[in-house]
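> Have a look at this one before I ask anything.
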Amino acid sequence: MSKSEKLKAGSRFPAIAWPKAGGGEVDLSQATGWRLLSVYRGRHCPLCKKYFKTLDGMLDEFTAAGVSVFAVSADPLEKAEADLAEHKWRFPVGYGLSVEQMRDLGLYISEPRSPQETDRLFAEPALFVVNPAGQLQIIDISNAPFSRPDLATVLMGLKLIQEKNYPIRGTRD
């Protein structure tokens with residue numbers, strides 16, 4: 001995918017895998033069922049922690065709805081493991097999201113404001129939902145940490161999609 005292209009609703013999620021804090025990997029293309037991937041800015045972002053606290057608090061509800069939850073950032077292993085140790089998130093957390101992968105996913109990329117923030121380029125928040133057929137059912141990409149989808153609304157929508165066999169929206173060019 002070129003830098004100017006964006007992911008299309010209904011297309012297959014790219015075959016991208018990331019190493020997972022604690023071992024293994026996060027690979028949505030190999031997972032089955034409904035999958036939700038939250039891209040987060042990294043350990044430096046307090047808004048990401050707040051969002052993930054909510055997500056972790058709703059994890060049992062997402063699981064009951066048949067949705068597996070994953071997260072990924074550009075952080076290195078040490079920062080991902082530190083986040084897991086501190087916050088005890090129960091969903092898999094991938095790390096090492098590269099700039100090329102950010103571009104492949106159509107993410108907004110930011111530079112750190114200072115070395116105290118982070119030492120690398122990072123992705124702004126995004127949320128992807130992949131359906132059991134491997135297609136992108138929902139795509140939400142933000143350019144700022146202040147704009148993220150409400151997780152209760154996402155969960156309600158996923159239940160409705162499953163119950164009513166609601167189609168993938170936004171497929172018309």
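As shown in the structure tokens, the chain order sets the letters A, B, ...; within each chain, residues go from 1, and ligands are also counted from 1 in the order they appear.
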Need the shell around region 60-77 of chain A: protein/DNA/RNA residues with any atom at most 7 Å away, counting only C-alpha atoms. Skip same-chain ones fewer than 4 positions apart. Format as number ranges by chain?
A: 21, 33-42, 81, 91-98, 122-123, 155, 159
> For the residues in the current selection, export N, CA, C and O atoms as a tab-separated table (two decimals), in the first residue's frame.

chain	number	residue	atom	x	y	z
A	21	ALA	N	4.28	-8.26	24.20
A	21	ALA	CA	4.87	-8.20	25.53
A	21	ALA	C	4.49	-9.48	26.27
A	21	ALA	O	3.33	-9.89	26.25
A	33	GLY	N	-12.48	-15.16	14.49
A	33	GLY	CA	-13.61	-14.48	15.12
A	33	GLY	C	-13.50	-12.98	14.95
A	33	GLY	O	-12.78	-12.46	14.10
A	34	TRP	N	-14.24	-12.27	15.78
A	34	TRP	CA	-14.21	-10.81	15.79
A	34	TRP	C	-12.97	-10.35	16.53
A	34	TRP	O	-12.64	-10.88	17.59
A	35	ARG	N	-12.27	-9.34	15.98
A	35	ARG	CA	-11.04	-8.84	16.56
A	35	ARG	C	-11.07	-7.32	16.61
A	35	ARG	O	-11.44	-6.68	15.61
A	36	LEU	N	-10.66	-6.75	17.72
A	36	LEU	CA	-10.56	-5.30	17.88
A	36	LEU	C	-9.10	-4.99	18.18
A	36	LEU	O	-8.52	-5.56	19.11
A	37	LEU	N	-8.53	-4.10	17.39
A	37	LEU	CA	-7.16	-3.65	17.61
A	37	LEU	C	-7.18	-2.16	17.93
A	37	LEU	O	-7.68	-1.36	17.14
A	38	SER	N	-6.64	-1.80	19.08
A	38	SER	CA	-6.49	-0.40	19.45
A	38	SER	C	-5.02	-0.02	19.32
A	38	SER	O	-4.17	-0.60	19.99
A	39	VAL	N	-4.74	0.94	18.45
A	39	VAL	CA	-3.39	1.47	18.31
A	39	VAL	C	-3.26	2.61	19.30
A	39	VAL	O	-4.11	3.51	19.33
A	40	TYR	N	-2.24	2.56	20.14
A	40	TYR	CA	-2.06	3.62	21.12
A	40	TYR	C	-0.72	4.31	20.94
A	40	TYR	O	0.18	3.78	20.31
A	41	ARG	N	-0.63	5.50	21.46
A	41	ARG	CA	0.51	6.38	21.25
A	41	ARG	C	1.76	5.86	21.96
A	41	ARG	O	2.87	6.10	21.51
A	42	GLY	N	1.59	5.19	23.08
A	42	GLY	CA	2.73	4.65	23.80
A	42	GLY	C	2.69	5.00	25.28
A	42	GLY	O	1.79	5.66	25.77
A	81	GLU	N	6.31	-3.71	28.35
A	81	GLU	CA	6.29	-4.53	29.56
A	81	GLU	C	6.07	-3.68	30.81
A	81	GLU	O	5.37	-4.10	31.73
A	91	PHE	N	-5.51	-7.72	28.05
A	91	PHE	CA	-5.49	-8.01	26.61
A	91	PHE	C	-4.05	-8.00	26.12
A	91	PHE	O	-3.18	-7.36	26.71
A	92	PRO	N	-3.77	-8.73	25.01
A	92	PRO	CA	-2.41	-8.76	24.47
A	92	PRO	C	-1.97	-7.39	23.98
A	92	PRO	O	-2.74	-6.67	23.34
A	93	VAL	N	-0.71	-7.05	24.28
A	93	VAL	CA	-0.14	-5.77	23.88
A	93	VAL	C	1.07	-6.01	22.99
A	93	VAL	O	2.07	-6.56	23.44
A	94	GLY	N	0.95	-5.60	21.74
A	94	GLY	CA	2.06	-5.68	20.80
A	94	GLY	C	2.92	-4.43	20.91
A	94	GLY	O	2.48	-3.39	21.39
A	95	TYR	N	4.14	-4.56	20.44
A	95	TYR	CA	5.07	-3.43	20.48
A	95	TYR	C	5.89	-3.42	19.19
A	95	TYR	O	5.86	-4.37	18.41
A	96	GLY	N	6.60	-2.32	18.98
A	96	GLY	CA	7.49	-2.23	17.83
A	96	GLY	C	6.79	-1.88	16.52
A	96	GLY	O	7.32	-2.16	15.44
A	97	LEU	N	5.64	-1.25	16.57
A	97	LEU	CA	4.95	-0.80	15.36
A	97	LEU	C	5.89	0.13	14.60
A	97	LEU	O	6.30	1.17	15.12
A	98	SER	N	6.26	-0.24	13.39
A	98	SER	CA	7.23	0.55	12.62
A	98	SER	C	6.54	1.68	11.86
A	98	SER	O	5.32	1.65	11.64
A	122	PHE	N	5.80	8.16	16.66
A	122	PHE	CA	4.75	7.28	17.18
A	122	PHE	C	3.46	7.52	16.43
A	122	PHE	O	3.27	8.55	15.79
A	123	ALA	N	2.58	6.54	16.50
A	123	ALA	CA	1.28	6.62	15.85
A	123	ALA	C	0.27	7.28	16.76
A	123	ALA	O	0.28	7.06	17.97
A	155	LEU	N	-19.00	-1.33	21.46
A	155	LEU	CA	-19.51	-2.63	21.89
A	155	LEU	C	-20.98	-2.81	21.50
A	155	LEU	O	-21.36	-3.85	20.97
A	159	LYS	N	-22.48	-5.66	18.83
A	159	LYS	CA	-23.58	-6.57	19.15
A	159	LYS	C	-24.69	-6.44	18.10
A	159	LYS	O	-25.25	-7.45	17.65
> When DSSP works through the backbone of this structure, what residues of chain A end up as strand (DSSP E or B), shown as number ranges by chain?
A: 12, 17-20, 25-27, 34-39, 67-72, 93-94, 109-110, 122-123, 126-130, 135-141
> Hey, can you spit out that residue selection with N, CA, C and O atoms as a short mmCIF file (atom, residue, chain, number, x, y, z; two decimals), in the first residue's frame?

data_model
loop_
_atom_site.label_atom_id
_atom_site.label_comp_id
_atom_site.auth_asym_id
_atom_site.auth_seq_id
_atom_site.Cartn_x
_atom_site.Cartn_y
_atom_site.Cartn_z
N ARG A 12 -9.40 -6.71 3.42
CA ARG A 12 -8.76 -7.56 4.42
C ARG A 12 -7.79 -6.73 5.25
O ARG A 12 -7.13 -5.84 4.73
N ALA A 17 2.26 -8.56 11.72
CA ALA A 17 2.35 -9.13 13.06
C ALA A 17 3.35 -8.33 13.88
O ALA A 17 4.30 -7.76 13.32
N TRP A 18 3.11 -8.25 15.17
CA TRP A 18 4.01 -7.55 16.08
C TRP A 18 4.38 -8.47 17.22
O TRP A 18 3.56 -9.28 17.68
N PRO A 19 5.60 -8.35 17.74
CA PRO A 19 5.93 -9.10 18.94
C PRO A 19 5.03 -8.64 20.08
O PRO A 19 4.62 -7.48 20.14
N LYS A 20 4.72 -9.57 20.96
CA LYS A 20 3.80 -9.30 22.07
C LYS A 20 4.57 -9.27 23.38
O LYS A 20 5.40 -10.15 23.65
N GLU A 25 3.11 -13.30 19.67
CA GLU A 25 2.91 -12.17 18.78
C GLU A 25 1.43 -11.79 18.67
O GLU A 25 0.55 -12.59 19.01
N VAL A 26 1.20 -10.58 18.22
CA VAL A 26 -0.14 -10.08 17.91
C VAL A 26 -0.23 -10.12 16.39
O VAL A 26 0.53 -9.45 15.70
N ASP A 27 -1.14 -10.94 15.87
CA ASP A 27 -1.31 -11.09 14.42
C ASP A 27 -2.80 -11.26 14.13
O ASP A 27 -3.34 -12.36 14.23
N TRP A 34 -14.24 -12.27 15.78
CA TRP A 34 -14.21 -10.81 15.79
C TRP A 34 -12.97 -10.35 16.53
O TRP A 34 -12.64 -10.88 17.59
N ARG A 35 -12.27 -9.34 15.98
CA ARG A 35 -11.04 -8.84 16.56
C ARG A 35 -11.07 -7.32 16.61
O ARG A 35 -11.44 -6.68 15.61
N LEU A 36 -10.66 -6.75 17.72
CA LEU A 36 -10.56 -5.30 17.88
C LEU A 36 -9.10 -4.99 18.18
O LEU A 36 -8.52 -5.56 19.11
N LEU A 37 -8.53 -4.10 17.39
CA LEU A 37 -7.16 -3.65 17.61
C LEU A 37 -7.18 -2.16 17.93
O LEU A 37 -7.68 -1.36 17.14
N SER A 38 -6.64 -1.80 19.08
CA SER A 38 -6.49 -0.40 19.45
C SER A 38 -5.02 -0.02 19.32
O SER A 38 -4.17 -0.60 19.99
N VAL A 39 -4.74 0.94 18.45
CA VAL A 39 -3.39 1.47 18.31
C VAL A 39 -3.26 2.61 19.30
O VAL A 39 -4.11 3.51 19.33
N VAL A 67 -15.66 -10.91 20.90
CA VAL A 67 -14.66 -10.01 20.34
C VAL A 67 -13.35 -10.15 21.12
O VAL A 67 -13.32 -9.94 22.33
N SER A 68 -12.28 -10.50 20.41
CA SER A 68 -10.94 -10.54 21.01
C SER A 68 -10.32 -9.16 20.89
O SER A 68 -10.42 -8.52 19.85
N VAL A 69 -9.68 -8.70 21.96
CA VAL A 69 -9.13 -7.35 22.03
C VAL A 69 -7.60 -7.42 22.02
O VAL A 69 -7.01 -8.24 22.73
N PHE A 70 -6.99 -6.54 21.23
CA PHE A 70 -5.54 -6.44 21.12
C PHE A 70 -5.15 -4.97 21.11
O PHE A 70 -5.96 -4.11 20.77
N ALA A 71 -3.88 -4.69 21.43
CA ALA A 71 -3.36 -3.33 21.36
C ALA A 71 -1.95 -3.38 20.78
O ALA A 71 -1.27 -4.41 20.86
N VAL A 72 -1.51 -2.25 20.21
CA VAL A 72 -0.14 -2.16 19.70
C VAL A 72 0.30 -0.70 19.71
O VAL A 72 -0.51 0.21 19.57
N VAL A 93 -0.71 -7.05 24.28
CA VAL A 93 -0.14 -5.77 23.88
C VAL A 93 1.07 -6.01 22.99
O VAL A 93 2.07 -6.56 23.44
N GLY A 94 0.95 -5.60 21.74
CA GLY A 94 2.06 -5.68 20.80
C GLY A 94 2.92 -4.43 20.91
O GLY A 94 2.48 -3.39 21.39
N ILE A 109 1.08 10.02 12.03
CA ILE A 109 2.36 9.81 12.71
C ILE A 109 2.82 11.15 13.29
O ILE A 109 2.74 12.18 12.63
N SER A 110 3.29 11.11 14.53
CA SER A 110 3.75 12.33 15.20
C SER A 110 5.19 12.18 15.66
O SER A 110 5.68 11.09 15.94
N PHE A 122 5.80 8.16 16.66
CA PHE A 122 4.75 7.28 17.18
C PHE A 122 3.46 7.52 16.43
O PHE A 122 3.27 8.55 15.79
N ALA A 123 2.58 6.54 16.50
CA ALA A 123 1.28 6.62 15.85
C ALA A 123 0.27 7.28 16.76
O ALA A 123 0.28 7.06 17.97
N ALA A 126 -5.84 4.81 16.88
CA ALA A 126 -6.71 4.23 15.86
C ALA A 126 -7.39 3.01 16.46
O ALA A 126 -6.90 2.42 17.44
N LEU A 127 -8.52 2.66 15.89
CA LEU A 127 -9.24 1.46 16.30
C LEU A 127 -9.71 0.75 15.03
O LEU A 127 -10.27 1.38 14.14
N PHE A 128 -9.41 -0.53 14.95
CA PHE A 128 -9.82 -1.36 13.83
C PHE A 128 -10.62 -2.54 14.37
O PHE A 128 -10.22 -3.15 15.36
N VAL A 129 -11.73 -2.85 13.72
CA VAL A 129 -12.47 -4.06 14.04
C VAL A 129 -12.47 -4.93 12.79
O VAL A 129 -12.86 -4.48 11.70
N VAL A 130 -12.01 -6.16 12.97
CA VAL A 130 -11.95 -7.13 11.89
C VAL A 130 -13.01 -8.19 12.15
O VAL A 130 -13.11 -8.72 13.27
N GLN A 135 -12.29 -9.24 7.24
CA GLN A 135 -12.51 -7.94 6.61
C GLN A 135 -12.58 -6.84 7.65
O GLN A 135 -13.07 -7.04 8.77
N LEU A 136 -12.16 -5.66 7.25
CA LEU A 136 -12.27 -4.49 8.12
C LEU A 136 -13.72 -4.05 8.20
O LEU A 136 -14.29 -3.58 7.23
N GLN A 137 -14.31 -4.25 9.35
CA GLN A 137 -15.70 -3.89 9.59
C GLN A 137 -15.79 -2.43 10.04
O GLN A 137 -16.70 -1.71 9.64
N ILE A 138 -14.84 -2.02 10.91
CA ILE A 138 -14.83 -0.66 11.44
C ILE A 138 -13.39 -0.14 11.38
O ILE A 138 -12.45 -0.84 11.76
N ILE A 139 -13.26 1.12 10.91
CA ILE A 139 -11.97 1.80 10.87
C ILE A 139 -12.16 3.16 11.50
O ILE A 139 -13.01 3.94 11.05
N ASP A 140 -11.39 3.47 12.54
CA ASP A 140 -11.46 4.78 13.17
C ASP A 140 -10.03 5.24 13.41
O ASP A 140 -9.33 4.68 14.24
N ILE A 141 -9.60 6.25 12.67
CA ILE A 141 -8.23 6.75 12.74
C ILE A 141 -8.27 8.21 13.16
O ILE A 141 -8.99 9.01 12.56
#
> List the neighbours of Cys45 (chain A) out to 12 Å using only C-alpha atoms; skip same-chain residues closer than 2 positions along the sequence, and give me the result as JSON, numbers by chain.
{"A": [40, 41, 42, 43, 47, 48, 49, 50, 51, 52, 73, 75, 79, 83, 112, 116, 117, 118, 122, 123, 124, 125, 144, 145, 146]}
> Using only C-alpha atoms, pick whichever of A:Lys6, A:His44, A:Arg169, A:Arg90 has the shortest atom-to-atom distance to Met58 (chain A).
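With only C-alpha atoms as the atom set, the closest residue is A:Arg90.
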> Which residue gives the smallest distance to Ala80 (chain A) among A:Arg148, A:Met102, A:Gly23, A:Gly134, with only C-alpha atoms counted?
A:Gly23
> Mind checking which residues fall within 8 Å of Leu151 (chain A), counting only C-alpha atoms, ignoring those fewer than 3 positions away in the same chain, and posting them as a list in words?
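What passes the distance filter is Thr54, Leu55, Val154 and Leu155 of chain A.
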> Please dump the current selection as a PDB file, in the first residue's frame; keep C-alpha atoms.

ATOM      1  CA  THR A  54     -11.913   1.656  30.297  1.00  0.00           C
ATOM      2  CA  LEU A  55     -11.158  -0.991  27.668  1.00  0.00           C
ATOM      3  CA  VAL A 154     -18.433   0.375  19.820  1.00  0.00           C
ATOM      4  CA  LEU A 155     -19.513  -2.634  21.892  1.00  0.00           C
TER       5      LEU A 155
END
> For the atom pair CA of His87 (chain A) and CA of Ser114 (chain A), what is the interatomic distance in Å to one decimal place?
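Computed distance, CA of His87 (chain A) to CA of Ser114 (chain A), equals 24.1 Å.
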> Mind listing the helix (DSSP H, G or I) residues of chain A, per DSSP on the backbone, as a PyMOL selection string?
chain A and resi 46-57+59-64+77-87+99-104+151-164
> Atoms to include: N, CA and C atoms. Write the selected residues as a short mmCIF file (atom, residue, chain, number, x, y, z; two decimals), in the first residue's frame.

data_model
loop_
_atom_site.label_atom_id
_atom_site.label_comp_id
_atom_site.auth_asym_id
_atom_site.auth_seq_id
_atom_site.Cartn_x
_atom_site.Cartn_y
_atom_site.Cartn_z
N PRO A 46 -0.85 9.77 28.80
CA PRO A 46 -1.80 9.52 29.89
C PRO A 46 -3.23 9.26 29.38
N LEU A 47 -3.59 9.82 28.24
CA LEU A 47 -4.93 9.58 27.69
C LEU A 47 -5.08 8.13 27.22
N CYS A 48 -3.99 7.56 26.73
CA CYS A 48 -4.02 6.14 26.34
C CYS A 48 -4.28 5.27 27.57
N LYS A 49 -3.65 5.60 28.68
CA LYS A 49 -3.84 4.83 29.91
C LYS A 49 -5.29 4.89 30.36
N LYS A 50 -5.88 6.06 30.29
CA LYS A 50 -7.28 6.23 30.68
C LYS A 50 -8.19 5.42 29.76
N TYR A 51 -7.94 5.47 28.46
CA TYR A 51 -8.73 4.73 27.48
C TYR A 51 -8.59 3.22 27.71
N PHE A 52 -7.37 2.78 27.96
CA PHE A 52 -7.14 1.35 28.18
C PHE A 52 -7.69 0.87 29.52
N LYS A 53 -7.77 1.76 30.51
CA LYS A 53 -8.41 1.39 31.77
C LYS A 53 -9.88 1.08 31.49
N THR A 54 -10.52 1.90 30.69
CA THR A 54 -11.91 1.66 30.30
C THR A 54 -12.02 0.37 29.48
N LEU A 55 -11.13 0.21 28.51
CA LEU A 55 -11.16 -0.99 27.67
C LEU A 55 -10.96 -2.25 28.51
N ASP A 56 -10.01 -2.23 29.40
CA ASP A 56 -9.77 -3.39 30.26
C ASP A 56 -10.98 -3.66 31.15
N GLY A 57 -11.62 -2.60 31.63
CA GLY A 57 -12.81 -2.75 32.46
C GLY A 57 -13.99 -3.35 31.70
N LEU A 59 -13.46 -5.54 29.16
CA LEU A 59 -12.94 -6.70 28.44
C LEU A 59 -13.88 -7.91 28.52
N ASP A 60 -14.44 -8.16 29.68
CA ASP A 60 -15.34 -9.31 29.82
C ASP A 60 -16.57 -9.14 28.93
N GLU A 61 -17.06 -7.91 28.78
CA GLU A 61 -18.21 -7.66 27.91
C GLU A 61 -17.85 -7.88 26.44
N PHE A 62 -16.66 -7.41 26.03
CA PHE A 62 -16.22 -7.65 24.66
C PHE A 62 -16.05 -9.15 24.42
N THR A 63 -15.45 -9.85 25.37
CA THR A 63 -15.26 -11.29 25.26
C THR A 63 -16.59 -12.01 25.16
N ALA A 64 -17.56 -11.61 25.98
CA ALA A 64 -18.90 -12.22 25.94
C ALA A 64 -19.57 -11.99 24.59
N LEU A 77 10.00 -3.08 23.60
CA LEU A 77 9.59 -4.10 24.57
C LEU A 77 9.59 -3.58 26.00
N GLU A 78 10.65 -2.88 26.40
CA GLU A 78 10.78 -2.43 27.79
C GLU A 78 9.59 -1.56 28.21
N LYS A 79 9.17 -0.65 27.33
CA LYS A 79 8.06 0.24 27.67
C LYS A 79 6.74 -0.52 27.68
N ALA A 80 6.54 -1.44 26.73
CA ALA A 80 5.31 -2.23 26.70
C ALA A 80 5.19 -3.09 27.96
N GLU A 81 6.31 -3.71 28.35
CA GLU A 81 6.29 -4.53 29.56
C GLU A 81 6.07 -3.68 30.81
N ALA A 82 6.63 -2.48 30.84
CA ALA A 82 6.43 -1.58 31.98
C ALA A 82 4.96 -1.19 32.09
N ASP A 83 4.32 -0.90 30.94
CA ASP A 83 2.88 -0.58 30.96
C ASP A 83 2.07 -1.76 31.49
N LEU A 84 2.35 -2.96 31.01
CA LEU A 84 1.62 -4.14 31.48
C LEU A 84 1.82 -4.36 32.97
N ALA A 85 3.05 -4.22 33.43
CA ALA A 85 3.33 -4.41 34.86
C ALA A 85 2.60 -3.38 35.71
N GLU A 86 2.56 -2.14 35.24
CA GLU A 86 1.93 -1.07 36.01
C GLU A 86 0.41 -1.13 35.96
N HIS A 87 -0.15 -1.39 34.77
CA HIS A 87 -1.60 -1.26 34.59
C HIS A 87 -2.35 -2.59 34.58
N VAL A 99 7.31 2.65 11.45
CA VAL A 99 6.78 3.76 10.66
C VAL A 99 6.17 3.23 9.36
N GLU A 100 6.82 2.27 8.73
CA GLU A 100 6.27 1.68 7.50
C GLU A 100 4.91 1.03 7.78
N GLN A 101 4.79 0.32 8.88
CA GLN A 101 3.51 -0.30 9.24
C GLN A 101 2.46 0.77 9.56
N MET A 102 2.87 1.85 10.23
CA MET A 102 1.95 2.95 10.49
C MET A 102 1.38 3.47 9.17
N ARG A 103 2.26 3.63 8.20
CA ARG A 103 1.82 4.12 6.89
C ARG A 103 0.91 3.10 6.21
N ASP A 104 1.26 1.81 6.32
CA ASP A 104 0.42 0.76 5.72
C ASP A 104 -0.98 0.76 6.30
N LEU A 151 -16.04 3.44 23.76
CA LEU A 151 -15.99 1.98 23.76
C LEU A 151 -17.36 1.34 24.02
N ALA A 152 -18.19 1.95 24.83
CA ALA A 152 -19.54 1.41 25.06
C ALA A 152 -20.35 1.44 23.76
N THR A 153 -20.19 2.50 22.99
CA THR A 153 -20.89 2.59 21.71
C THR A 153 -20.34 1.58 20.72
N VAL A 154 -19.03 1.39 20.70
CA VAL A 154 -18.43 0.38 19.82
C VAL A 154 -18.98 -1.01 20.17
N LEU A 155 -19.00 -1.33 21.46
CA LEU A 155 -19.51 -2.63 21.89
C LEU A 155 -20.98 -2.81 21.50
N MET A 156 -21.79 -1.78 21.74
CA MET A 156 -23.20 -1.84 21.36
C MET A 156 -23.33 -2.05 19.86
N GLY A 157 -22.53 -1.34 19.08
CA GLY A 157 -22.57 -1.49 17.63
C GLY A 157 -22.16 -2.88 17.18
N LEU A 158 -21.14 -3.44 17.80
CA LEU A 158 -20.71 -4.79 17.43
C LEU A 158 -21.79 -5.83 17.74
N LYS A 159 -22.48 -5.66 18.83
CA LYS A 159 -23.58 -6.57 19.15
C LYS A 159 -24.69 -6.44 18.10
N LEU A 160 -25.00 -5.22 17.70
CA LEU A 160 -26.03 -4.99 16.69
C LEU A 160 -25.61 -5.57 15.34
N ILE A 161 -24.35 -5.37 14.96
CA ILE A 161 -23.83 -5.92 13.71
C ILE A 161 -24.02 -7.43 13.69
N GLN A 162 -23.68 -8.08 14.79
CA GLN A 162 -23.78 -9.53 14.86
C GLN A 162 -25.24 -9.99 14.86
N GLU A 163 -26.07 -9.33 15.63
CA GLU A 163 -27.48 -9.72 15.77
C GLU A 163 -28.25 -9.52 14.47
N LYS A 164 -28.02 -8.42 13.81
CA LYS A 164 -28.81 -8.05 12.62
C LYS A 164 -28.09 -8.34 11.31
#
> Would you mind reading off the distance between CA of Ala9 (chain A) and CA of Asn165 (chain A), one decimal, in Å?
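Between CA of Ala9 (chain A) and CA of Asn165 (chain A) the gap is 15.8 Å.
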> So how many Å separate CA of Ser147 (chain A) and CA of Gly106 (chain A), to one decimal?
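So the answer is 16.2 Å.
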> With only C-alpha atoms as the basis for distance, which of A:Arg113, A:Leu28, A:Tyr108, A:Leu121 is at the shortest distance from Pro14 (chain A)?
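Checking each of A:Arg113, A:Leu28, A:Tyr108, A:Leu121 against Pro14 (chain A), counting only C-alpha atoms, the winner is A:Leu28.
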